[in-house]
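Raw contents of upload34.txt, compact mmCIF, C-alpha atoms and all ligand atoms:
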# COMPACT_ATOMS: atom_id res chain seq x y z
CA MET A 1 17.88 -4.03 -18.39
CA SER A 2 19.63 -6.55 -16.14
CA GLU A 3 17.55 -8.82 -13.94
CA LEU A 4 18.11 -9.49 -10.28
CA ILE A 5 19.64 -12.94 -9.96
CA ASP A 6 20.97 -13.92 -6.54
CA PRO A 7 24.09 -16.03 -5.85
CA PHE A 8 21.98 -19.19 -5.79
CA GLY A 9 20.51 -18.56 -9.24
CA ARG A 10 17.12 -17.43 -7.93
CA ALA A 11 15.50 -14.55 -9.84
CA VAL A 12 14.06 -11.86 -7.58
CA THR A 13 10.75 -10.89 -9.19
CA TYR A 14 8.65 -10.04 -6.15
CA LEU A 15 9.03 -7.02 -3.88
CA ARG A 16 7.13 -6.63 -0.63
CA VAL A 17 7.01 -3.07 0.62
CA SER A 18 6.15 -2.16 4.17
CA VAL A 19 4.72 1.33 3.72
CA THR A 20 4.37 2.04 7.44
CA ASP A 21 5.33 0.33 10.69
CA ARG A 22 2.17 1.70 12.35
CA CYS A 23 -1.07 -0.18 12.78
CA ASP A 24 -4.54 0.24 14.21
CA PHE A 25 -4.29 -3.27 15.77
CA ARG A 26 -1.80 -4.79 18.20
CA CYS A 27 -1.95 -8.50 17.35
CA VAL A 28 -0.41 -10.58 20.12
CA TYR A 29 1.98 -12.52 17.85
CA CYS A 30 3.08 -9.43 15.93
CA MET A 31 3.50 -6.53 18.34
CA SER A 32 3.79 -5.84 22.01
CA GLU A 33 0.99 -3.71 23.43
CA HIS A 34 3.17 -0.64 23.78
CA MET A 35 5.18 -0.27 20.65
CA THR A 36 7.54 2.54 19.86
CA PHE A 37 7.09 3.51 16.24
CA LEU A 38 9.53 5.22 13.95
CA PRO A 39 9.61 9.00 13.94
CA ARG A 40 7.77 10.20 10.84
CA ARG A 41 10.82 12.04 9.54
CA ASP A 42 12.59 8.67 9.06
CA LEU A 43 9.93 7.42 6.66
CA LEU A 44 10.33 7.54 2.94
CA THR A 45 7.81 9.88 1.37
CA LEU A 46 5.25 8.38 -0.98
CA GLU A 47 7.23 9.85 -3.90
CA GLU A 48 10.38 8.15 -2.64
CA LEU A 49 8.54 4.86 -2.21
CA ASP A 50 7.35 5.19 -5.79
CA ARG A 51 10.91 5.79 -7.01
CA LEU A 52 12.19 2.85 -5.01
CA CYS A 53 9.50 0.46 -6.28
CA SER A 54 9.99 1.70 -9.83
CA ALA A 55 13.74 1.00 -9.61
CA PHE A 56 12.92 -2.61 -8.72
CA VAL A 57 10.47 -2.75 -11.62
CA ARG A 58 13.29 -1.58 -13.90
CA ARG A 59 15.29 -4.52 -12.57
CA GLY A 60 12.62 -7.04 -13.50
CA VAL A 61 10.33 -7.17 -10.45
CA ARG A 62 6.89 -8.27 -11.71
CA LYS A 63 4.86 -8.20 -8.52
CA LEU A 64 4.54 -5.64 -5.74
CA ARG A 65 2.83 -6.25 -2.45
CA LEU A 66 2.13 -3.33 -0.13
CA THR A 67 2.06 -4.32 3.50
CA GLY A 68 3.01 -2.90 6.90
CA GLY A 69 2.11 -2.35 9.73
CA GLU A 70 -1.29 -1.70 8.31
CA PRO A 71 -0.77 -0.31 4.79
CA LEU A 72 -4.19 1.36 4.69
CA VAL A 73 -3.40 3.58 7.69
CA ARG A 74 -0.58 5.28 5.76
CA ARG A 75 -1.95 8.68 4.81
CA ASN A 76 -2.66 9.07 1.11
CA LEU A 77 -1.61 5.52 0.28
CA MET A 78 -4.06 5.51 -2.62
CA SER A 79 -1.99 8.10 -4.46
CA LEU A 80 0.98 5.69 -4.33
CA VAL A 81 -1.13 2.79 -5.61
CA ARG A 82 -2.54 4.92 -8.42
CA SER A 83 0.89 6.12 -9.41
CA LEU A 84 2.44 2.62 -9.35
CA SER A 85 -0.38 1.31 -11.49
CA ARG A 86 1.28 3.00 -14.51
CA HIS A 87 3.60 -0.04 -14.52
CA LEU A 88 0.57 -2.30 -14.91
CA GLU A 89 -0.51 -0.30 -17.94
CA THR A 90 2.89 -0.69 -19.59
CA ASP A 91 2.96 -4.42 -18.71
CA ALA A 92 6.17 -3.93 -16.73
CA LEU A 93 4.28 -5.27 -13.70
CA ASP A 94 1.89 -8.21 -13.48
CA GLU A 95 0.32 -7.28 -10.20
CA ILE A 96 0.02 -4.78 -7.36
CA THR A 97 -1.52 -6.31 -4.31
CA LEU A 98 -1.96 -5.68 -0.62
CA THR A 99 -1.92 -7.50 2.70
CA THR A 100 -4.28 -5.84 5.14
CA ASN A 101 -6.05 -6.44 8.42
CA GLY A 102 -9.23 -5.33 6.64
CA SER A 103 -10.25 -2.59 9.07
CA GLN A 104 -10.01 0.20 6.50
CA LEU A 105 -11.49 -1.69 3.56
CA PRO A 106 -14.97 -0.20 3.95
CA LYS A 107 -13.31 3.11 3.06
CA PHE A 108 -10.81 2.02 0.41
CA ALA A 109 -12.01 -1.17 -1.35
CA ALA A 110 -13.57 0.58 -4.34
CA GLU A 111 -10.59 2.93 -4.77
CA LEU A 112 -8.21 -0.01 -4.73
CA VAL A 113 -10.08 -1.56 -7.64
CA GLU A 114 -10.08 1.73 -9.53
CA ALA A 115 -6.31 1.91 -9.01
CA GLY A 116 -5.79 -1.50 -10.61
CA VAL A 117 -5.66 -3.83 -7.61
CA ARG A 118 -7.41 -7.14 -8.33
CA ARG A 119 -6.58 -9.36 -5.38
CA ILE A 120 -5.82 -8.76 -1.73
CA ASN A 121 -4.93 -10.85 1.31
CA VAL A 122 -6.87 -10.16 4.47
CA SER A 123 -5.53 -11.42 7.78
CA LEU A 124 -8.15 -12.88 10.07
CA ASP A 125 -7.55 -15.47 12.77
CA THR A 126 -10.99 -16.08 14.25
CA LEU A 127 -14.70 -15.43 13.68
CA ASP A 128 -15.42 -15.09 17.37
CA PRO A 129 -15.74 -11.38 18.23
CA GLU A 130 -14.28 -11.71 21.73
CA ARG A 131 -11.40 -13.91 20.62
CA PHE A 132 -10.77 -11.47 17.80
CA HIS A 133 -10.50 -8.63 20.27
CA GLU A 134 -8.14 -10.70 22.46
CA ILE A 135 -5.87 -11.53 19.53
CA THR A 136 -5.81 -8.07 17.95
CA ARG A 137 -6.10 -6.20 21.28
CA TRP A 138 -7.56 -3.12 19.51
CA GLY A 139 -9.56 -4.57 16.62
CA GLN A 140 -13.32 -5.02 16.14
CA LEU A 141 -14.44 -8.06 14.16
CA ASP A 142 -17.55 -6.44 12.69
CA GLN A 143 -15.45 -3.70 11.10
CA VAL A 144 -13.27 -6.31 9.38
CA LEU A 145 -16.31 -8.26 8.22
CA ARG A 146 -17.74 -5.06 6.73
CA GLY A 147 -14.39 -4.55 5.06
CA LEU A 148 -14.58 -8.01 3.52
CA ASP A 149 -18.08 -7.31 2.24
CA ALA A 150 -16.87 -4.05 0.72
CA ALA A 151 -13.90 -5.78 -0.90
CA GLN A 152 -15.98 -8.52 -2.47
CA ASP A 153 -18.70 -6.08 -3.53
CA ALA A 154 -16.04 -4.00 -5.26
CA GLY A 155 -14.89 -7.10 -7.16
CA LEU A 156 -11.64 -7.82 -5.32
CA LYS A 157 -10.55 -11.44 -5.03
CA VAL A 158 -9.81 -12.10 -1.37
CA LYS A 159 -7.57 -14.66 0.27
CA ILE A 160 -7.72 -15.05 4.02
CA ASN A 161 -4.48 -15.47 6.01
CA THR A 162 -4.83 -17.12 9.40
CA VAL A 163 -2.01 -17.57 11.90
CA ALA A 164 -2.49 -20.91 13.67
CA LEU A 165 -2.28 -20.34 17.41
CA ARG A 166 -2.31 -23.11 19.97
CA GLY A 167 -5.11 -22.76 22.47
CA VAL A 168 -6.46 -19.69 20.65
CA ASN A 169 -7.93 -20.67 17.28
CA ASP A 170 -6.94 -24.33 16.83
CA GLU A 171 -10.44 -25.50 17.73
CA ALA A 172 -12.09 -23.06 15.34
CA LEU A 173 -10.23 -23.81 12.11
CA ASP A 174 -13.08 -25.96 10.77
CA ASP A 175 -15.40 -22.97 11.09
CA MET A 176 -12.86 -20.76 9.34
CA ILE A 177 -12.61 -23.21 6.42
CA ARG A 178 -16.39 -23.51 6.06
CA TRP A 179 -16.85 -19.76 6.27
CA ALA A 180 -14.01 -18.73 3.93
CA HIS A 181 -14.76 -21.37 1.31
CA GLY A 182 -18.47 -20.59 1.58
CA ARG A 183 -17.63 -17.00 0.56
CA ASP A 184 -15.39 -18.05 -2.35
CA MET A 185 -12.19 -17.19 -0.53
CA ASP A 186 -9.15 -19.43 -0.24
CA LEU A 187 -7.59 -19.73 3.18
CA THR A 188 -3.90 -19.88 4.04
CA LEU A 189 -2.70 -21.05 7.42
CA ILE A 190 0.58 -19.63 8.73
CA GLU A 191 2.91 -20.80 11.48
CA THR A 192 3.97 -18.16 14.00
CA MET A 193 7.48 -16.98 13.33
CA PRO A 194 9.90 -15.78 16.00
CA LEU A 195 10.19 -12.12 15.03
CA GLY A 196 10.63 -9.46 17.67
CA GLU A 197 10.01 -9.37 21.40
CA ILE A 198 6.24 -9.48 21.98
CA GLY A 199 5.97 -9.88 25.73
CA VAL A 200 4.55 -13.42 25.63
CA GLU A 201 6.13 -16.85 25.30
CA ARG A 202 6.07 -17.82 21.62
CA ALA A 203 6.52 -21.50 22.34
CA ASP A 204 3.07 -21.40 24.01
CA GLN A 205 1.45 -20.00 20.83
CA TYR A 206 3.37 -22.04 18.31
CA LEU A 207 1.31 -24.69 16.57
CA PRO A 208 3.13 -26.75 13.92
CA LEU A 209 1.02 -26.98 10.78
CA ASP A 210 1.80 -30.65 10.15
CA GLU A 211 -0.12 -31.28 13.38
CA VAL A 212 -2.99 -29.07 12.16
CA ARG A 213 -3.07 -30.87 8.84
CA ARG A 214 -3.22 -34.32 10.45
CA ASP A 215 -6.10 -33.09 12.57
CA LEU A 216 -7.98 -31.57 9.60
CA GLU A 217 -7.58 -34.84 7.70
CA ARG A 218 -9.77 -36.57 10.26
CA ARG A 219 -12.74 -34.52 9.06
CA TRP A 220 -11.91 -33.22 5.60
CA THR A 221 -10.63 -34.85 2.42
CA LEU A 222 -7.45 -32.94 1.56
CA ILE A 223 -6.10 -33.53 -1.91
CA GLU A 224 -2.54 -32.43 -2.70
CA SER A 225 -2.72 -29.55 -5.21
CA PRO A 226 -0.09 -28.52 -7.75
CA HIS A 227 -1.30 -24.91 -7.40
CA ARG A 228 1.57 -22.47 -6.78
CA THR A 229 1.57 -18.71 -6.49
CA GLY A 230 5.33 -18.33 -6.57
CA GLY A 231 5.19 -18.00 -2.80
CA PRO A 232 5.99 -20.29 0.08
CA ALA A 233 2.46 -21.72 0.46
CA ARG A 234 1.81 -25.35 -0.41
CA TYR A 235 -1.81 -26.06 -1.24
CA VAL A 236 -4.39 -28.78 -0.80
CA GLU A 237 -7.86 -28.85 -2.27
CA VAL A 238 -10.67 -29.64 0.11
CA ALA A 239 -12.92 -32.15 -1.66
CA GLU A 240 -15.96 -31.15 0.42
CA THR A 241 -15.76 -27.45 -0.54
CA GLY A 242 -13.87 -27.48 -3.85
CA ARG A 243 -11.56 -24.70 -2.63
CA ARG A 244 -7.98 -24.54 -1.43
CA ILE A 245 -6.15 -24.35 1.86
CA GLY A 246 -2.56 -23.11 1.79
CA PHE A 247 0.02 -23.99 4.41
CA ILE A 248 2.93 -21.65 5.10
CA THR A 249 5.34 -23.64 7.19
CA PRO A 250 8.64 -21.82 7.66
CA LEU A 251 9.42 -23.88 10.73
CA THR A 252 8.34 -27.38 9.84
CA HIS A 253 9.32 -27.30 6.14
CA ASN A 254 11.86 -24.94 4.77
CA PHE A 255 10.92 -23.40 1.41
CA CYS A 256 13.90 -21.16 0.81
CA GLU A 257 15.17 -22.90 -2.32
CA SER A 258 12.41 -21.34 -4.42
CA CYS A 259 12.50 -17.88 -2.79
CA ASN A 260 11.83 -15.13 -5.35
CA ARG A 261 11.30 -12.16 -3.03
CA VAL A 262 12.90 -9.40 -1.02
CA ARG A 263 11.41 -6.90 1.40
CA VAL A 264 11.85 -3.21 1.86
CA THR A 265 10.78 -1.23 4.90
CA CYS A 266 9.19 2.20 5.08
CA THR A 267 12.62 3.66 5.84
CA GLY A 268 14.13 2.15 2.70
CA THR A 269 15.96 -0.73 4.37
CA LEU A 270 16.12 -3.78 2.13
CA TYR A 271 15.97 -7.19 3.80
CA MET A 272 17.11 -9.95 1.52
CA CYS A 273 15.59 -12.61 3.81
CA LEU A 274 12.74 -12.37 6.34
CA GLY A 275 14.64 -14.63 8.72
CA GLN A 276 18.03 -12.93 8.67
CA ASP A 277 19.28 -9.60 9.97
CA ASP A 278 21.46 -8.66 7.02
CA ALA A 279 20.06 -5.58 5.31
CA ALA A 280 21.00 -2.84 2.86
CA ASP A 281 20.29 0.86 3.23
CA LEU A 282 18.59 2.10 0.07
CA ARG A 283 17.48 5.45 1.47
CA THR A 284 20.97 6.94 1.31
CA PRO A 285 21.55 6.20 -2.40
CA LEU A 286 17.93 7.15 -3.12
CA ARG A 287 18.40 10.58 -1.55
CA ALA A 288 21.97 11.03 -2.73
CA SER A 289 21.11 11.69 -6.34
CA GLU A 290 18.25 12.52 -8.65
CA SER A 291 19.56 9.82 -10.92
CA ASP A 292 18.51 6.26 -10.12
CA GLU A 293 21.97 4.87 -10.88
CA PRO A 294 23.33 4.86 -7.28
CA LEU A 295 20.07 3.26 -6.12
CA LEU A 296 20.19 0.57 -8.81
CA ALA A 297 23.83 -0.15 -7.95
CA ALA A 298 22.93 -0.54 -4.26
CA ILE A 299 20.06 -2.91 -5.16
CA ASP A 300 22.37 -5.02 -7.37
CA GLU A 301 25.00 -5.20 -4.65
CA ALA A 302 22.42 -6.25 -2.01
CA ILE A 303 20.90 -9.00 -4.18
CA GLY A 304 24.45 -10.29 -4.60
CA ARG A 305 24.42 -11.22 -0.93
CA LYS A 306 20.91 -12.66 -0.60
CA PRO A 307 21.40 -15.59 1.79
CA LYS A 308 20.49 -19.17 1.05
CA GLY A 309 17.81 -19.39 3.75
CA HIS A 310 16.53 -18.51 7.20
CA ASP A 311 17.51 -19.95 10.58
CA PHE A 312 14.16 -19.87 12.38
CA VAL A 313 13.70 -22.07 15.40
CA ILE A 314 11.07 -21.84 18.10
CA ASP A 315 12.47 -23.51 21.12
CA ARG A 316 12.04 -22.88 24.83
CA THR A 317 15.80 -23.07 25.23
CA ALA A 318 16.34 -20.24 22.72
CA PRO A 319 16.35 -17.10 24.86
CA MET A 320 15.89 -14.58 22.06
CA PRO A 321 13.69 -14.22 18.99
CA ALA A 322 15.49 -15.35 15.82
CA VAL A 323 15.52 -11.79 14.56
CA GLU A 324 14.95 -8.75 16.70
CA ARG A 325 12.72 -6.74 14.41
CA HIS A 326 8.96 -7.24 14.56
CA MET A 327 6.92 -8.63 11.66
CA SER A 328 5.32 -5.19 11.32
CA VAL A 329 8.67 -3.81 10.15
CA THR A 330 8.81 -5.99 7.05
CA GLY A 331 5.16 -6.96 6.74
CA GLY A 332 5.50 -10.74 6.62
N1 LIG B 1 -1.41 -5.41 8.94
C1 LIG B 1 -1.51 -6.24 7.80
C2 LIG B 1 -2.13 -7.57 8.14
O1 LIG B 1 -2.25 -7.89 9.32
O2 LIG B 1 -2.48 -8.28 7.22
C3 LIG B 1 -0.20 -6.46 7.07
C4 LIG B 1 1.03 -6.67 7.89
S1 LIG B 1 1.05 -8.14 8.88
C5 LIG B 1 2.62 -8.00 9.66
C6 LIG B 1 1.26 -9.39 7.62
C7 LIG B 1 0.96 -10.81 8.06
O3 LIG B 1 1.92 -11.24 8.98
C8 LIG B 1 -0.40 -11.00 8.72
O4 LIG B 1 -1.08 -12.05 8.04
C9 LIG B 1 -0.06 -11.44 10.12
O5 LIG B 1 -1.01 -12.32 10.62
C10 LIG B 1 1.29 -12.08 9.92
N2 LIG B 1 2.13 -12.10 11.11
C11 LIG B 1 2.42 -11.11 11.97
N3 LIG B 1 3.31 -11.52 12.93
C12 LIG B 1 3.56 -12.82 12.65
C13 LIG B 1 4.39 -13.81 13.26
N4 LIG B 1 5.15 -13.54 14.32
N5 LIG B 1 4.41 -15.04 12.70
C14 LIG B 1 3.66 -15.32 11.58
N6 LIG B 1 2.88 -14.44 10.97
C15 LIG B 1 2.81 -13.19 11.50
FE1 LIG B 2 -1.13 -4.88 12.71
FE2 LIG B 2 -1.01 -6.78 10.87
FE3 LIG B 2 0.69 -6.80 12.95
FE4 LIG B 2 -1.85 -7.31 13.39
S1 LIG B 2 -0.47 -8.53 12.13
S2 LIG B 2 -0.57 -5.91 14.58
S3 LIG B 2 -2.85 -6.06 11.93
S4 LIG B 2 0.61 -5.30 11.37
Please express the file's structure as structure tokens.
Amino acid sequence: MSELIDPFGRAVTYLRVSVTDRCDFRCVYCMSEHMTFLPRRDLLTLEELDRLCSAFVRRGVRKLRLTGGEPLVRRNLMSLVRSLSRHLETDALDEITLTTNGSQLPKFAAELVEAGVRRINVSLDTLDPERFHEITRWGQLDQVLRGLDAAQDAGLKVKINTVALRGVNDEALDDMIRWAHGRDMDLTLIETMPLGEIGVERADQYLPLDEVRRDLERRWTLIESPHRTGGPARYVEVAETGRRIGFITPLTHNFCESCNRVRVTCTGTLYMCLGQDDAADLRTPLRASESDEPLLAAIDEAIGRKPKGHDFVIDRTAPMPAVERHMSVTGG
């Protein structure tokens, strides 16, 4: 079995799979209010998604993350998770995990655990119900909080992802830290990234995390942590709580040199970098043959042109988003 090594010597061991572009929320930094979604016939079936993920596992991928859109609104998603978990049993995979807005966790938390999921990321930007509704447009905070209870009751380890938004949640980050750490959850702060037209000015929302960190340091003791998850987050430990805060800073600090991941959409398009438009169509080779050989060849060829890094900038003088597709296409 050959591994996936890109032209810069980086091994690709992590696949993020957007299982749907649809969502029950319309977060202001992610989607415009009136989104046009893909026609259902363009989506890969769950069986095709399984075949696609399994081909990557054959090529040495050790970690799968299901994302979206909202992964838990994809009908019958649990059957995909259960089926992929066979790779956990054979030790071909280390982990299957999920990034979710939490709204459907009351329904699915226990099943996720039964299917072999141990950790999930839940995205939550504020604890204020009205603010929450403003940010997500369609979401209800109490439903997400019930989802978190269900997840923790079922034994899932939860990490909270929070997008830092100027004038929206910058004043409330202390509360988020106290709350998340008080519930034994780490918290990762994320800078907004310029993906897709969203109908508002991104430069108004954009809050550089080095500014946030300087501000937090006035009230908290942040100790540099060697903790790494193989992802882009850099961590500090908060002395007062004993738990970690992660910072994902694509704009202020580039982390591409250690990139170990690629992303595939629900239509089988492989993006070798979140911040670049270059992509490879895997649906055609997937459907062309019952054998996985054409698919594996297409994956190998695509990894051979994984770029060195992204070109994100958020700048009032830049008229267009850095890439046209929305975050919900690739799932972050
Ligand atoms: N619906 C799920 C959720 O919200 O967790 C999974 C998909 S969502 C696209 C994945 C992550 O991307 C979420 O944490 C969300 O906050 C983040 N995100 C969405 N748009 C973003 C943007 N423009 N910049 C930075 N993060 C973004
Ligand atoms: Fe949906 Fe997640 Fe995008 Fe919010 S961030 S609109 S929950 S996909």
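Shortest separation to Leu145 (chain A) among A:Leu124, A:Val236, A:Leu165, A:Leu52 occurs at residue A:Leu124, atoms counted being all atoms listed in the file.
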List all protein, DNA and RNA residues that have at least one atom no more than 9 Å from any atom of ligand LIG 1 (chain B), counting only C-alpha atoms and all ligand atoms, and write them as a PyMOL selection string. chain A and resi 18+21-25+27-31+66-72+98-102+121-125+160-164+190-196+198+202+326-332
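Nearest residue to Ser291 (chain A), choosing from A:Arg51, A:Arg74, A:Arg10, A:Asp91 and counting all atoms listed in the file: A:Arg51.
Atom to atom, CA of Arg219 (chain A) and CA of Ala172 (chain A) stand 13.1 Å apart.
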For the point (-15.9, -4.6, 0.8) in the file's frame, write as a list of chain:residue names all residues with an atom no more than 9 Å away, counting all atoms listed in the file.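 Residues satisfying the cut-off, written out: A:Gly102, A:Leu105, A:Pro106, A:Lys107, A:Phe108, A:Ala109, A:Ala110, A:Leu145, A:Arg146, A:Gly147, A:Leu148, A:Asp149, A:Ala150, A:Ala151, A:Gln152, A:Asp153, A:Ala154, A:Gly155, A:Leu156.
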Excluding region 260-262 of chain A and any residue of its chain fewer than 2 positions from it, enumerate the residues within 8 Å of it, using all atoms listed in the file, and give them as a ChimeraX atom specification. /A:10-16,230-231,258,264,270-274
